[in-house]
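Below is entry17.cif, which holds mmCIF, C-alpha atoms.
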data_run
loop_
_atom_site.label_atom_id
_atom_site.label_comp_id
_atom_site.auth_asym_id
_atom_site.auth_seq_id
_atom_site.Cartn_x
_atom_site.Cartn_y
_atom_site.Cartn_z
CA MET A 1 -42.60 100.31 89.05
CA LEU A 2 -38.99 99.09 88.88
CA SER A 3 -36.16 100.48 90.96
CA SER A 4 -33.27 102.08 89.14
CA ARG A 5 -31.09 99.14 90.24
CA GLU A 6 -31.29 96.94 87.17
CA THR A 7 -29.31 95.64 84.26
CA ALA A 8 -30.50 95.49 80.69
CA SER A 9 -31.08 91.74 80.85
CA HIS A 10 -31.97 91.13 84.50
CA PRO A 11 -34.02 93.82 86.18
CA ILE A 12 -33.90 93.66 89.97
CA VAL A 13 -37.03 94.47 91.89
CA VAL A 14 -36.26 95.99 95.28
CA PRO A 15 -38.99 95.28 97.84
CA PRO A 16 -40.49 98.35 99.50
CA HIS A 17 -38.80 97.63 102.81
CA GLY A 18 -35.31 97.63 101.23
CA LEU A 19 -32.49 95.07 101.32
CA GLY A 20 -31.67 95.25 105.00
CA ALA A 21 -32.77 92.91 107.79
CA PRO A 22 -35.61 90.53 106.95
CA ARG A 23 -39.01 92.02 107.57
CA ARG A 24 -40.89 90.44 110.44
CA LEU A 25 -43.82 88.64 108.87
CA GLN A 26 -47.35 89.11 110.09
CA GLU A 27 -48.79 85.81 111.31
CA PRO A 28 -52.07 84.70 109.77
CA ARG A 29 -55.08 83.97 111.89
CA LEU A 30 -54.80 80.29 112.73
CA SER A 31 -57.73 77.94 112.98
CA ARG A 32 -58.80 76.96 116.46
CA ALA A 33 -57.66 73.40 115.77
CA ALA A 34 -54.19 74.54 114.68
CA SER A 35 -53.86 76.90 117.63
CA SER A 36 -54.64 74.10 120.06
CA MET A 37 -52.30 71.53 118.49
CA GLY A 38 -49.31 72.40 120.66
CA SER A 39 -46.23 70.28 120.01
CA SER A 40 -45.21 66.65 120.22
CA ARG A 41 -43.60 65.95 123.57
CA LEU A 42 -41.62 63.10 122.03
CA ARG A 43 -40.19 65.41 119.35
CA GLU A 44 -39.06 67.81 122.07
CA ILE A 45 -37.42 64.92 123.90
CA MET A 46 -35.78 63.77 120.67
CA ALA A 47 -34.16 67.20 120.27
CA LEU A 48 -32.79 67.02 123.82
CA ALA A 49 -31.62 63.43 123.42
CA SER A 50 -29.90 64.15 120.08
CA ARG A 51 -27.22 66.36 121.59
CA PRO A 52 -23.70 65.20 120.68
CA GLY A 53 -22.37 62.55 123.05
CA VAL A 54 -25.72 61.72 124.65
CA LEU A 55 -26.44 58.01 125.02
CA SER A 56 -30.15 57.85 124.34
CA PHE A 57 -32.81 55.38 125.40
CA ALA A 58 -35.45 58.04 124.72
CA ILE A 59 -36.90 57.35 121.29
CA GLY A 60 -38.12 54.03 119.88
CA LEU A 61 -35.80 54.03 116.89
CA PRO A 62 -35.14 50.59 115.42
CA ALA A 63 -31.49 49.54 115.18
CA GLU A 64 -30.00 50.99 112.00
CA GLU A 65 -27.47 48.17 111.71
CA LEU A 66 -30.37 45.70 111.47
CA PHE A 67 -31.98 47.36 108.45
CA PRO A 68 -31.84 44.89 105.51
CA ARG A 69 -29.96 47.42 103.38
CA ALA A 70 -28.42 45.04 100.85
CA ALA A 71 -31.70 43.21 100.24
CA LEU A 72 -33.66 46.46 99.96
CA ALA A 73 -31.03 47.89 97.60
CA GLU A 74 -31.34 44.81 95.40
CA ALA A 75 -35.12 45.04 95.45
CA MET A 76 -35.06 48.77 94.65
CA ALA A 77 -32.58 48.30 91.82
CA GLY A 78 -34.74 45.57 90.30
CA VAL A 79 -37.83 47.74 90.49
CA LEU A 80 -36.10 50.69 88.81
CA ALA A 81 -34.49 48.50 86.15
CA ALA A 82 -37.92 47.14 85.22
CA GLY A 83 -39.05 50.55 84.01
CA PRO A 84 -40.42 53.91 85.19
CA ARG A 85 -43.81 52.64 86.39
CA ALA A 86 -42.80 52.65 90.08
CA LEU A 87 -41.96 56.36 89.85
CA GLN A 88 -45.39 57.36 88.56
CA TYR A 89 -48.62 58.27 90.31
CA ALA A 90 -50.44 55.02 90.85
CA LEU A 91 -53.22 53.26 92.65
CA PRO A 92 -52.15 51.24 95.71
CA LEU A 93 -50.15 48.22 94.63
CA GLN A 94 -52.46 45.23 94.32
CA GLY A 95 -49.60 42.75 94.64
CA LEU A 96 -48.55 44.26 97.97
CA LYS A 97 -52.13 44.02 99.24
CA GLU A 98 -52.12 40.31 98.41
CA GLN A 99 -48.80 39.86 100.21
CA ILE A 100 -50.19 41.68 103.27
CA VAL A 101 -53.05 39.15 103.33
CA GLY A 102 -50.35 36.50 103.76
CA LEU A 103 -48.67 38.50 106.52
CA MET A 104 -51.96 38.88 108.35
CA ALA A 105 -52.32 35.10 108.44
CA LEU A 106 -49.17 35.09 110.60
CA ARG A 107 -51.13 37.22 113.10
CA GLY A 108 -54.08 34.84 113.06
CA VAL A 109 -56.16 37.11 110.84
CA ARG A 110 -58.10 35.99 107.77
CA CYS A 111 -58.81 38.79 105.33
CA ARG A 112 -59.09 39.61 101.63
CA PRO A 113 -57.12 42.14 99.54
CA GLU A 114 -60.27 44.25 99.28
CA GLN A 115 -60.10 44.81 103.05
CA VAL A 116 -56.47 45.96 102.97
CA PHE A 117 -55.88 49.72 102.77
CA ILE A 118 -52.27 50.82 102.24
CA THR A 119 -51.06 53.94 104.07
CA SER A 120 -47.94 56.04 104.46
CA GLY A 121 -47.21 54.49 107.85
CA ALA A 122 -49.18 53.73 111.01
CA GLN A 123 -49.44 57.39 112.00
CA GLN A 124 -51.32 58.20 108.81
CA ALA A 125 -53.64 55.28 109.52
CA MET A 126 -54.47 56.79 112.93
CA ASP A 127 -55.05 60.19 111.36
CA LEU A 128 -57.32 58.81 108.63
CA LEU A 129 -59.36 56.76 111.08
CA ALA A 130 -59.75 59.79 113.35
CA HIS A 131 -61.10 61.76 110.38
CA LEU A 132 -63.37 58.87 109.46
CA LEU A 133 -64.87 58.24 112.89
CA LEU A 134 -64.51 61.28 115.13
CA ASP A 135 -66.79 64.32 115.14
CA PRO A 136 -65.56 67.52 116.81
CA GLY A 137 -66.26 67.40 120.53
CA ALA A 138 -67.21 63.71 120.51
CA GLN A 139 -65.93 61.12 122.98
CA VAL A 140 -62.83 59.03 122.37
CA LEU A 141 -61.53 56.30 124.70
CA LEU A 142 -57.80 55.98 125.40
CA GLU A 143 -55.60 54.25 127.92
CA GLU A 144 -54.25 56.60 130.59
CA THR A 145 -50.77 55.71 129.40
CA THR A 146 -50.63 55.60 125.62
CA TYR A 147 -48.64 56.41 122.51
CA ASP A 148 -48.19 60.15 121.96
CA GLY A 149 -49.15 59.88 118.27
CA ILE A 150 -52.81 59.14 118.96
CA ARG A 151 -53.13 62.31 121.01
CA ILE A 152 -51.80 64.26 118.05
CA ALA A 153 -54.17 62.49 115.65
CA VAL A 154 -57.30 63.36 117.65
CA ARG A 155 -56.34 66.73 119.15
CA ARG A 156 -57.64 68.84 116.26
CA PHE A 157 -61.14 67.47 116.87
CA GLU A 158 -61.07 68.72 120.46
CA PRO A 159 -62.68 65.49 121.68
CA ARG A 160 -63.79 64.61 125.16
CA VAL A 161 -61.13 62.06 126.11
CA LEU A 162 -62.28 59.23 128.38
CA THR A 163 -59.51 57.17 129.97
CA VAL A 164 -59.01 53.77 131.55
CA SER A 165 -55.91 52.56 133.33
CA THR A 166 -53.31 50.16 131.97
CA HIS A 167 -51.12 48.05 134.22
CA PRO A 168 -47.48 47.39 133.18
CA GLU A 169 -47.97 43.67 133.89
CA SER A 170 -51.53 42.91 132.76
CA GLY A 171 -52.43 45.64 130.27
CA ILE A 172 -55.62 47.63 129.80
CA ASP A 173 -58.31 47.42 132.47
CA VAL A 174 -60.92 45.69 130.33
CA GLU A 175 -63.59 45.76 133.01
CA ALA A 176 -63.16 49.52 133.32
CA VAL A 177 -63.93 49.70 129.59
CA ALA A 178 -67.03 47.56 130.16
CA SER A 179 -68.12 49.76 133.05
CA LEU A 180 -67.82 52.96 131.02
CA LEU A 181 -69.83 51.49 128.17
CA ALA A 182 -72.49 50.10 130.52
CA GLY A 183 -72.75 53.54 132.12
CA GLY A 184 -73.68 55.16 128.82
CA ALA A 185 -70.35 56.29 127.40
CA ARG A 186 -70.38 56.28 123.59
CA PRO A 187 -66.83 56.87 122.38
CA ALA A 188 -66.14 57.09 118.66
CA PHE A 189 -63.44 54.46 119.15
CA LEU A 190 -61.00 52.88 121.57
CA TYR A 191 -57.33 53.00 120.50
CA LEU A 192 -54.94 50.46 122.00
CA ILE A 193 -51.70 48.55 121.38
CA PRO A 194 -52.36 44.95 122.47
CA GLU A 195 -48.90 43.59 121.57
CA GLY A 196 -45.65 45.09 122.89
CA HIS A 197 -47.46 48.17 124.19
CA ASN A 198 -45.80 51.53 123.64
CA PRO A 199 -44.70 52.67 126.21
CA LEU A 200 -45.40 49.88 128.71
CA GLY A 201 -44.09 46.84 126.82
CA VAL A 202 -47.00 44.70 128.06
CA SER A 203 -49.02 42.32 125.84
CA LEU A 204 -52.66 41.55 126.51
CA PRO A 205 -53.60 38.06 127.71
CA LEU A 206 -55.87 35.94 125.54
CA GLU A 207 -58.86 36.40 127.83
CA ALA A 208 -58.58 40.19 127.65
CA ARG A 209 -58.49 40.08 123.84
CA GLU A 210 -61.59 37.91 123.69
CA ARG A 211 -63.42 40.17 126.17
CA LEU A 212 -62.54 43.33 124.24
CA ALA A 213 -63.78 41.76 121.01
CA GLU A 214 -67.04 40.87 122.77
CA LEU A 215 -67.45 44.44 124.06
CA ALA A 216 -66.77 45.85 120.60
CA ARG A 217 -69.49 43.67 119.09
CA SER A 218 -72.12 44.25 121.73
CA HIS A 219 -71.60 48.04 121.91
CA ARG A 220 -70.73 48.63 118.23
CA LEU A 221 -67.47 50.18 119.36
CA PRO A 222 -64.62 50.40 116.82
CA LEU A 223 -61.32 49.19 118.28
CA LEU A 224 -58.27 50.72 116.62
CA GLU A 225 -55.68 47.98 117.04
CA ASP A 226 -52.14 49.32 116.57
CA ASP A 227 -50.07 46.20 115.91
CA THR A 228 -46.80 47.94 115.03
CA TYR A 229 -44.84 45.50 117.24
CA GLY A 230 -46.87 42.36 116.64
CA PHE A 231 -44.32 40.72 114.32
CA LEU A 232 -41.46 41.24 116.80
CA ALA A 233 -42.72 39.18 119.76
CA PRO A 234 -39.75 36.96 120.70
CA GLY A 235 -41.72 33.80 121.54
CA GLY A 236 -44.51 34.27 119.01
CA ALA A 237 -47.35 36.66 119.66
CA LEU A 238 -50.92 35.78 120.53
CA PRO A 239 -53.41 36.31 117.68
CA ALA A 240 -54.18 39.94 116.92
CA LEU A 241 -57.45 41.42 118.20
CA ARG A 242 -58.69 41.42 114.62
CA ALA A 243 -58.60 37.60 114.73
CA PHE A 244 -61.48 37.69 117.26
CA GLU A 245 -63.71 40.31 115.59
CA GLU A 246 -63.86 41.30 111.93
CA ASP A 247 -66.51 44.03 111.86
CA TRP A 248 -65.42 46.21 114.80
CA VAL A 249 -61.63 45.83 114.98
CA TYR A 250 -59.73 48.08 112.59
CA TYR A 251 -56.19 46.75 112.35
CA ILE A 252 -53.17 49.03 111.87
CA GLY A 253 -49.86 47.53 110.68
CA SER A 254 -46.51 49.01 109.72
CA PHE A 255 -43.22 48.11 108.06
CA ALA A 256 -41.40 50.82 110.08
CA LYS A 257 -40.06 48.54 112.81
CA THR A 258 -39.67 45.40 110.68
CA LEU A 259 -37.97 46.92 107.60
CA ALA A 260 -37.23 50.65 107.89
CA PRO A 261 -39.15 53.75 109.01
CA SER A 262 -38.25 55.92 106.01
CA LEU A 263 -40.04 53.56 103.62
CA ARG A 264 -43.23 55.21 104.94
CA ALA A 265 -45.30 52.10 104.50
CA GLY A 266 -48.16 50.81 106.58
CA TRP A 267 -51.61 49.34 106.15
CA MET A 268 -55.02 48.88 107.64
CA VAL A 269 -57.39 45.94 107.58
CA VAL A 270 -60.94 47.29 107.77
CA PRO A 271 -64.44 46.40 106.61
CA GLU A 272 -64.50 46.63 102.83
CA ALA A 273 -67.32 49.19 102.86
CA LEU A 274 -65.02 51.74 104.55
CA VAL A 275 -62.27 51.58 101.91
CA PRO A 276 -63.81 54.10 99.44
CA ARG A 277 -64.26 56.66 102.22
CA LEU A 278 -60.70 56.13 103.43
CA SER A 279 -59.49 56.52 99.83
CA MET A 280 -61.08 59.96 99.59
CA LEU A 281 -59.60 61.03 102.93
CA LYS A 282 -56.15 59.85 101.88
CA HIS A 283 -56.45 61.59 98.51
CA ALA A 284 -57.07 64.85 100.36
CA ALA A 285 -54.02 64.25 102.55
CA ASP A 286 -51.33 63.17 100.06
CA VAL A 287 -52.97 61.96 96.81
CA ASP A 288 -50.83 58.86 96.49
CA THR A 289 -48.91 56.23 98.38
CA ALA A 290 -45.09 56.07 98.30
CA SER A 291 -45.16 53.94 95.17
CA LEU A 292 -41.43 53.35 94.82
CA SER A 293 -41.06 52.17 98.41
CA HIS A 294 -44.08 49.92 98.11
CA HIS A 295 -42.79 48.29 94.92
CA ALA A 296 -39.48 47.66 96.67
CA ILE A 297 -41.22 46.14 99.71
CA ALA A 298 -43.26 43.91 97.42
CA ALA A 299 -40.06 42.73 95.70
CA PHE A 300 -38.41 42.11 99.08
CA LEU A 301 -41.38 40.03 100.23
CA ALA A 302 -41.58 38.14 96.94
CA ALA A 303 -37.93 37.12 97.34
CA GLY A 304 -38.88 35.32 100.56
CA ARG A 305 -36.52 37.34 102.73
CA LEU A 306 -38.90 38.44 105.47
CA PRO A 307 -39.09 35.29 107.68
CA GLY A 308 -35.32 35.08 108.16
CA HIS A 309 -35.09 38.83 108.69
CA LEU A 310 -37.80 38.73 111.39
CA ASP A 311 -36.06 35.83 113.13
CA GLY A 312 -32.88 37.91 113.28
CA LEU A 313 -34.73 40.94 114.66
CA ARG A 314 -36.42 38.90 117.37
CA ARG A 315 -33.14 37.33 118.48
CA GLU A 316 -31.26 40.61 118.60
CA TYR A 317 -33.99 42.65 120.25
CA GLY A 318 -34.46 39.85 122.78
CA ARG A 319 -30.73 39.97 123.51
CA ARG A 320 -30.85 43.74 124.00
CA CYS A 321 -33.92 43.52 126.21
CA ASN A 322 -32.19 40.97 128.44
CA ALA A 323 -29.10 43.18 128.57
CA MET A 324 -31.20 46.09 129.81
CA LEU A 325 -32.94 43.94 132.41
CA ASP A 326 -29.56 42.71 133.65
CA ALA A 327 -28.18 46.27 133.73
CA LEU A 328 -31.16 47.56 135.70
CA GLN A 329 -30.70 44.74 138.20
CA ALA A 330 -27.00 45.50 138.51
CA HIS A 331 -27.12 49.30 138.77
CA MET A 332 -30.47 50.58 140.00
CA PRO A 333 -30.90 51.41 143.71
CA PRO A 334 -33.66 50.02 145.95
CA GLY A 335 -37.05 51.61 145.39
CA VAL A 336 -36.83 51.50 141.57
CA ARG A 337 -39.10 48.98 139.83
CA TRP A 338 -39.44 47.86 136.21
CA ASN A 339 -41.43 45.35 134.23
CA ARG A 340 -40.29 42.48 132.01
CA PRO A 341 -41.79 43.24 128.59
CA ASP A 342 -43.53 40.59 126.52
CA GLY A 343 -42.55 42.20 123.23
CA GLY A 344 -42.00 45.54 121.57
CA LEU A 345 -38.97 47.73 122.11
CA PHE A 346 -39.56 49.28 125.54
CA LEU A 347 -39.26 48.89 129.30
CA TRP A 348 -41.34 50.83 131.81
CA VAL A 349 -39.56 52.00 134.97
CA GLU A 350 -41.20 53.34 138.14
CA LEU A 351 -39.06 55.58 140.33
CA PRO A 352 -39.91 56.57 143.90
CA ARG A 353 -42.99 58.78 143.79
CA THR A 354 -41.03 61.80 145.03
CA VAL A 355 -38.96 61.86 141.82
CA ASP A 356 -40.14 64.02 138.92
CA ALA A 357 -38.92 62.13 135.83
CA THR A 358 -39.12 65.19 133.56
CA ALA A 359 -36.83 67.16 135.86
CA LEU A 360 -34.58 64.12 136.14
CA LEU A 361 -34.27 63.96 132.34
CA ARG A 362 -32.66 67.39 132.10
CA HIS A 363 -30.30 66.56 134.94
CA ALA A 364 -29.40 63.21 133.36
CA VAL A 365 -28.58 64.82 130.01
CA GLU A 366 -26.49 67.57 131.59
CA ALA A 367 -24.71 65.52 134.26
CA GLU A 368 -24.31 62.07 132.69
CA ALA A 369 -25.13 62.50 128.97
CA VAL A 370 -27.89 59.89 129.07
CA ALA A 371 -31.52 60.33 127.99
CA PHE A 372 -34.87 58.59 128.40
CA ALA A 373 -38.52 59.45 127.81
CA PRO A 374 -40.34 60.71 130.93
CA GLY A 375 -43.63 58.99 131.65
CA GLU A 376 -45.81 62.07 131.42
CA ALA A 377 -45.01 62.24 127.68
CA PHE A 378 -47.39 59.28 127.34
CA ALA A 379 -50.30 60.67 129.36
CA ALA A 380 -53.57 60.53 127.44
CA THR A 381 -54.63 63.86 128.99
CA ASP A 382 -53.04 66.54 131.09
CA ALA A 383 -55.39 65.52 133.90
CA VAL A 384 -53.85 62.03 134.16
CA ALA A 385 -50.23 63.15 133.65
CA PRO A 386 -49.47 63.05 137.42
CA VAL A 387 -50.06 59.28 137.31
CA GLN A 388 -46.91 58.89 135.18
CA GLN A 389 -44.85 61.74 136.65
CA HIS A 390 -42.46 59.42 138.51
CA CYS A 391 -42.15 56.93 135.61
CA LEU A 392 -39.98 56.68 132.53
CA ARG A 393 -39.74 54.66 129.33
CA LEU A 394 -36.49 53.10 128.16
CA SER A 395 -35.97 51.85 124.61
CA PHE A 396 -33.41 49.08 124.24
CA ALA A 397 -33.68 48.77 120.45
CA SER A 398 -30.99 51.05 119.11
CA CYS A 399 -28.10 50.28 121.51
CA PRO A 400 -25.87 47.17 121.56
CA PRO A 401 -25.67 45.37 124.94
CA GLU A 402 -22.36 46.89 126.06
CA ARG A 403 -23.69 50.39 125.49
CA ILE A 404 -26.90 49.50 127.31
CA ASP A 405 -24.96 48.56 130.44
CA GLU A 406 -22.97 51.81 130.26
CA GLY A 407 -26.12 53.88 129.75
CA ILE A 408 -27.99 52.33 132.68
CA ALA A 409 -24.94 52.89 134.89
CA ARG A 410 -25.00 56.56 133.86
CA LEU A 411 -28.73 56.75 134.55
CA SER A 412 -28.24 55.28 138.01
CA ARG A 413 -25.56 57.87 138.78
CA ALA A 414 -27.83 60.63 137.47
CA LEU A 415 -30.65 59.42 139.71
CA ALA A 416 -28.36 59.38 142.75
CA GLY A 417 -27.06 62.89 141.95
CA PHE A 418 -30.56 64.22 141.36
CA ALA A 419 -31.79 62.79 144.65
CA SER A 420 -28.90 64.27 146.62
CA ALA A 421 -29.29 67.68 144.93
CA GLY A 422 -33.03 67.73 145.67
#
Mind turning this structure into structure tokens?
Amino acid sequence: MLSSRETASHPIVVPPHGLGAPRRLQEPRLSRAASSMGSSRLREIMALASRPGVLSFAIGLPAEELFPRAALAEAMAGVLAAGPRALQYALPLQGLKEQIVGLMALRGVRCRPEQVFITSGAQQAMDLLAHLLLDPGAQVLLEETTYDGIRIAVRRFEPRVLTVSTHPESGIDVEAVASLLAGGARPAFLYLIPEGHNPLGVSLPLEARERLAELARSHRLPLLEDDTYGFLAPGGALPALRAFEEDWVYYIGSFAKTLAPSLRAGWMVVPEALVPRLSMLKHAADVDTASLSHHAIAAFLAAGRLPGHLDGLRREYGRRCNAMLDALQAHMPPGVRWNRPDGGLFLWVELPRTVDATALLRHAVEAEAVAFAPGEAFAATDAVAPVQQHCLRLSFASCPPERIDEGIARLSRALAGFASAG
């Protein structure tokens, strides 16, 4: 029944609770998986680091000034001028799959278009593979120090997380993996970043890649190879893990760090038999790929612009990495250690073990307007978080060298102030 507040042409329905303050909504009963999801620690850090005036090394954002805007604009304009097809629902772009086959050859991988599965970024690839491979409560194998996104991808399945250590200089402890498998562990998969590890910056030696491929074959263990940074290695990366094993290495690639994150474009290279199942999982998630972006990427690649663009990225990121190494050497006090990364966008710093990096972050933002990512944000489980409590990750990608030196000087002052206050 209508309220008396109405006009002849537009009746106004007044809700039972009136027009005053918004009614507090009742929350629905959440699923157990949703209730246990928690939040992304990196998103919380991003909010802290995004305060006005804060010089941030916290998030692995690529440098905006290095985005190929003019070339992408030209590619996008050409795609739109050709007609409306790129704006329609569509199957994954076959031409882009064929171009990705060519890109994979640069990583030492031979594959066919039928083995290429296009995704809306690397994170979606992780999520789809978790749905494909992981039963609720099953085992999954992660490095103690790993990318936060994989924890989010598997958390809803409430898995039993097995961990092995990763050293900032030599990478994952391959023999610890072998020992777990020999002892009867049967994880659904092992996720790792062999090139330009996030957060450690380390790249796996050739022998470790060959050994992991051997373990995958002999134990029928899927390896989820996240190669987001593989095309950025300054001196040329070693072949991807997928180059050593075709059946049990599921490759994850992305255009986020090489072109632009908002294109939402990534891919997998997997056994062809898995593609139909992945297609159904993806259809349930988002129906379609980002067709317009993918047409534009295909046009960009067809114009032959990628090799020169990658050369420019490698030079500039190498310059920024060296600037950060120099700044750390110039400003950091004794007792602070860091590694020299082989690729990627990150440095790993170890503070004295008495320093809590998470507490230091809040002090650094408040006292010196500088931010970083504390090491415990990359702990595979809460149980192993104390291993990284005195560590931090620095991203050198989004700051020019002069700002890097200023930011590390601020961080050094923040560390000194934090130590004296404690």
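Rounded to one decimal, atom CA of Ala330 of chain A and atom CA of Arg410 of chain A lie 12.2 Å from each other.
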Mind listing as a VMD selection string all residues within 8 Å of (-28.8, 64.6, 127.5), counting all atoms listed in the file? chain A and resid 48 to 51 54 to 56 361 to 371
Export, as a PDB file, in the coordinates of the input, the selected residues with C-alpha atoms.
ATOM      1  CA  LEU A  48     -32.790  67.020 123.820  1.00  0.00           C
ATOM      2  CA  ALA A  49     -31.620  63.430 123.420  1.00  0.00           C
ATOM      3  CA  SER A  50     -29.900  64.150 120.080  1.00  0.00           C
ATOM      4  CA  ARG A  51     -27.220  66.360 121.590  1.00  0.00           C
ATOM      5  CA  VAL A  54     -25.720  61.720 124.650  1.00  0.00           C
ATOM      6  CA  LEU A  55     -26.440  58.010 125.020  1.00  0.00           C
ATOM      7  CA  SER A  56     -30.150  57.850 124.340  1.00  0.00           C
ATOM      8  CA  LEU A 361     -34.270  63.960 132.340  1.00  0.00           C
ATOM      9  CA  ARG A 362     -32.660  67.390 132.100  1.00  0.00           C
ATOM     10  CA  HIS A 363     -30.300  66.560 134.940  1.00  0.00           C
ATOM     11  CA  ALA A 364     -29.400  63.210 133.360  1.00  0.00           C
ATOM     12  CA  VAL A 365     -28.580  64.820 130.010  1.00  0.00           C
ATOM     13  CA  GLU A 366     -26.490  67.570 131.590  1.00  0.00           C
ATOM     14  CA  ALA A 367     -24.710  65.520 134.260  1.00  0.00           C
ATOM     15  CA  GLU A 368     -24.310  62.070 132.690  1.00  0.00           C
ATOM     16  CA  ALA A 369     -25.130  62.500 128.970  1.00  0.00           C
ATOM     17  CA  VAL A 370     -27.890  59.890 129.070  1.00  0.00           C
ATOM     18  CA  ALA A 371     -31.520  60.330 127.990  1.00  0.00           C
TER      19      ALA A 371
END
Give me the residues within 10 Å of Pro386 of chain A as number ranges by chain, counting only C-alpha atoms and dropping any in the same chain fewer than 5 places off. A: 356, 375-376, 379, 381, 391
Name the residues that the PyMOL selection byres ((chain A and resi 57-67) around 7) pulls out of this structure, and write them as a PyMOL selection string. chain A and resi 46+49+55-56+68-69+257+259-260+345+371-373+394-398
Protein, DNA and RNA residues within 12 Å of (-39.9, 51.1, 140.3), only C-alpha atoms, as a PyMOL selection string: chain A and resi 168+328-329+332-340+347-355+357+388+390-393
Selection from above, C-alpha atoms, as a PDB file, keeping the file's coordinate frame, can you write it?
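out.pdb, freshly written:
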ATOM      1  CA  PRO A 168     -47.480  47.390 133.180  1.00  0.00           C
ATOM      2  CA  LEU A 328     -31.160  47.560 135.700  1.00  0.00           C
ATOM      3  CA  GLN A 329     -30.700  44.740 138.200  1.00  0.00           C
ATOM      4  CA  MET A 332     -30.470  50.580 140.000  1.00  0.00           C
ATOM      5  CA  PRO A 333     -30.900  51.410 143.710  1.00  0.00           C
ATOM      6  CA  PRO A 334     -33.660  50.020 145.950  1.00  0.00           C
ATOM      7  CA  GLY A 335     -37.050  51.610 145.390  1.00  0.00           C
ATOM      8  CA  VAL A 336     -36.830  51.500 141.570  1.00  0.00           C
ATOM      9  CA  ARG A 337     -39.100  48.980 139.830  1.00  0.00           C
ATOM     10  CA  TRP A 338     -39.440  47.860 136.210  1.00  0.00           C
ATOM     11  CA  ASN A 339     -41.430  45.350 134.230  1.00  0.00           C
ATOM     12  CA  ARG A 340     -40.290  42.480 132.010  1.00  0.00           C
ATOM     13  CA  LEU A 347     -39.260  48.890 129.300  1.00  0.00           C
ATOM     14  CA  TRP A 348     -41.340  50.830 131.810  1.00  0.00           C
ATOM     15  CA  VAL A 349     -39.560  52.000 134.970  1.00  0.00           C
ATOM     16  CA  GLU A 350     -41.200  53.340 138.140  1.00  0.00           C
ATOM     17  CA  LEU A 351     -39.060  55.580 140.330  1.00  0.00           C
ATOM     18  CA  PRO A 352     -39.910  56.570 143.900  1.00  0.00           C
ATOM     19  CA  ARG A 353     -42.990  58.780 143.790  1.00  0.00           C
ATOM     20  CA  THR A 354     -41.030  61.800 145.030  1.00  0.00           C
ATOM     21  CA  VAL A 355     -38.960  61.860 141.820  1.00  0.00           C
ATOM     22  CA  ALA A 357     -38.920  62.130 135.830  1.00  0.00           C
ATOM     23  CA  GLN A 388     -46.910  58.890 135.180  1.00  0.00           C
ATOM     24  CA  HIS A 390     -42.460  59.420 138.510  1.00  0.00           C
ATOM     25  CA  CYS A 391     -42.150  56.930 135.610  1.00  0.00           C
ATOM     26  CA  LEU A 392     -39.980  56.680 132.530  1.00  0.00           C
ATOM     27  CA  ARG A 393     -39.740  54.660 129.330  1.00  0.00           C
TER      28      ARG A 393
END
Kindly provide the residues of segment 123-197 of chain A that approach segment 235-256 of chain A to within 12 Å, each paired with its closest atom pair and their distance in Å to one decimal, based on all atoms listed in the file, listed by chain and increasing number, as JSON lines.
{"residue": "A:Gln123", "atom": "CA", "partner": "A:Ile252", "partner_atom": "CA", "distance": 9.2}
{"residue": "A:Gln124", "atom": "CA", "partner": "A:Ile252", "partner_atom": "CA", "distance": 9.8}
{"residue": "A:Ala125", "atom": "CA", "partner": "A:Ile252", "partner_atom": "CA", "distance": 6.7}
{"residue": "A:Met126", "atom": "CA", "partner": "A:Ile252", "partner_atom": "CA", "distance": 7.9}
{"residue": "A:Asp127", "atom": "CA", "partner": "A:Ile252", "partner_atom": "CA", "distance": 11.3}
{"residue": "A:Leu128", "atom": "CA", "partner": "A:Ile252", "partner_atom": "CA", "distance": 11.1}
{"residue": "A:Leu129", "atom": "CA", "partner": "A:Tyr250", "partner_atom": "CA", "distance": 8.8}
{"residue": "A:Ala130", "atom": "CA", "partner": "A:Tyr250", "partner_atom": "CA", "distance": 11.7}
{"residue": "A:Leu132", "atom": "CA", "partner": "A:Tyr250", "partner_atom": "CA", "distance": 11.8}
{"residue": "A:Leu133", "atom": "CA", "partner": "A:Tyr250", "partner_atom": "CA", "distance": 11.4}
{"residue": "A:Ala188", "atom": "CA", "partner": "A:Trp248", "partner_atom": "CA", "distance": 11.6}
{"residue": "A:Phe189", "atom": "CA", "partner": "A:Trp248", "partner_atom": "CA", "distance": 9.5}
{"residue": "A:Leu190", "atom": "CA", "partner": "A:Val249", "partner_atom": "CA", "distance": 9.7}
{"residue": "A:Tyr191", "atom": "CA", "partner": "A:Tyr250", "partner_atom": "CA", "distance": 9.6}
{"residue": "A:Leu192", "atom": "CA", "partner": "A:Leu241", "partner_atom": "CA", "distance": 10.1}
{"residue": "A:Ile193", "atom": "CA", "partner": "A:Ile252", "partner_atom": "CA", "distance": 9.6}
{"residue": "A:Pro194", "atom": "CA", "partner": "A:Leu241", "partner_atom": "CA", "distance": 7.5}
{"residue": "A:Glu195", "atom": "CA", "partner": "A:Ala237", "partner_atom": "CA", "distance": 7.4}
{"residue": "A:Gly196", "atom": "CA", "partner": "A:Ala237", "partner_atom": "CA", "distance": 9.2}
When you look at Glu402 of chain A with a cut-off of 9 Å (counting only C-alpha atoms), what residues show up, excluding the ones that are within fewer than 4 positions of it in the same chain? I need them as a ChimeraX atom specification. /A:323,406-407
Residues near Leu215 of chain A, anyone? I mean within 9 Å using all atoms listed in the file, not counting same-chain ones fewer than 4 positions away, as a list in words.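 The filter keeps Val177, Ala178, Leu181, Glu210, Arg211, His219, Arg220 and Leu221 of chain A.
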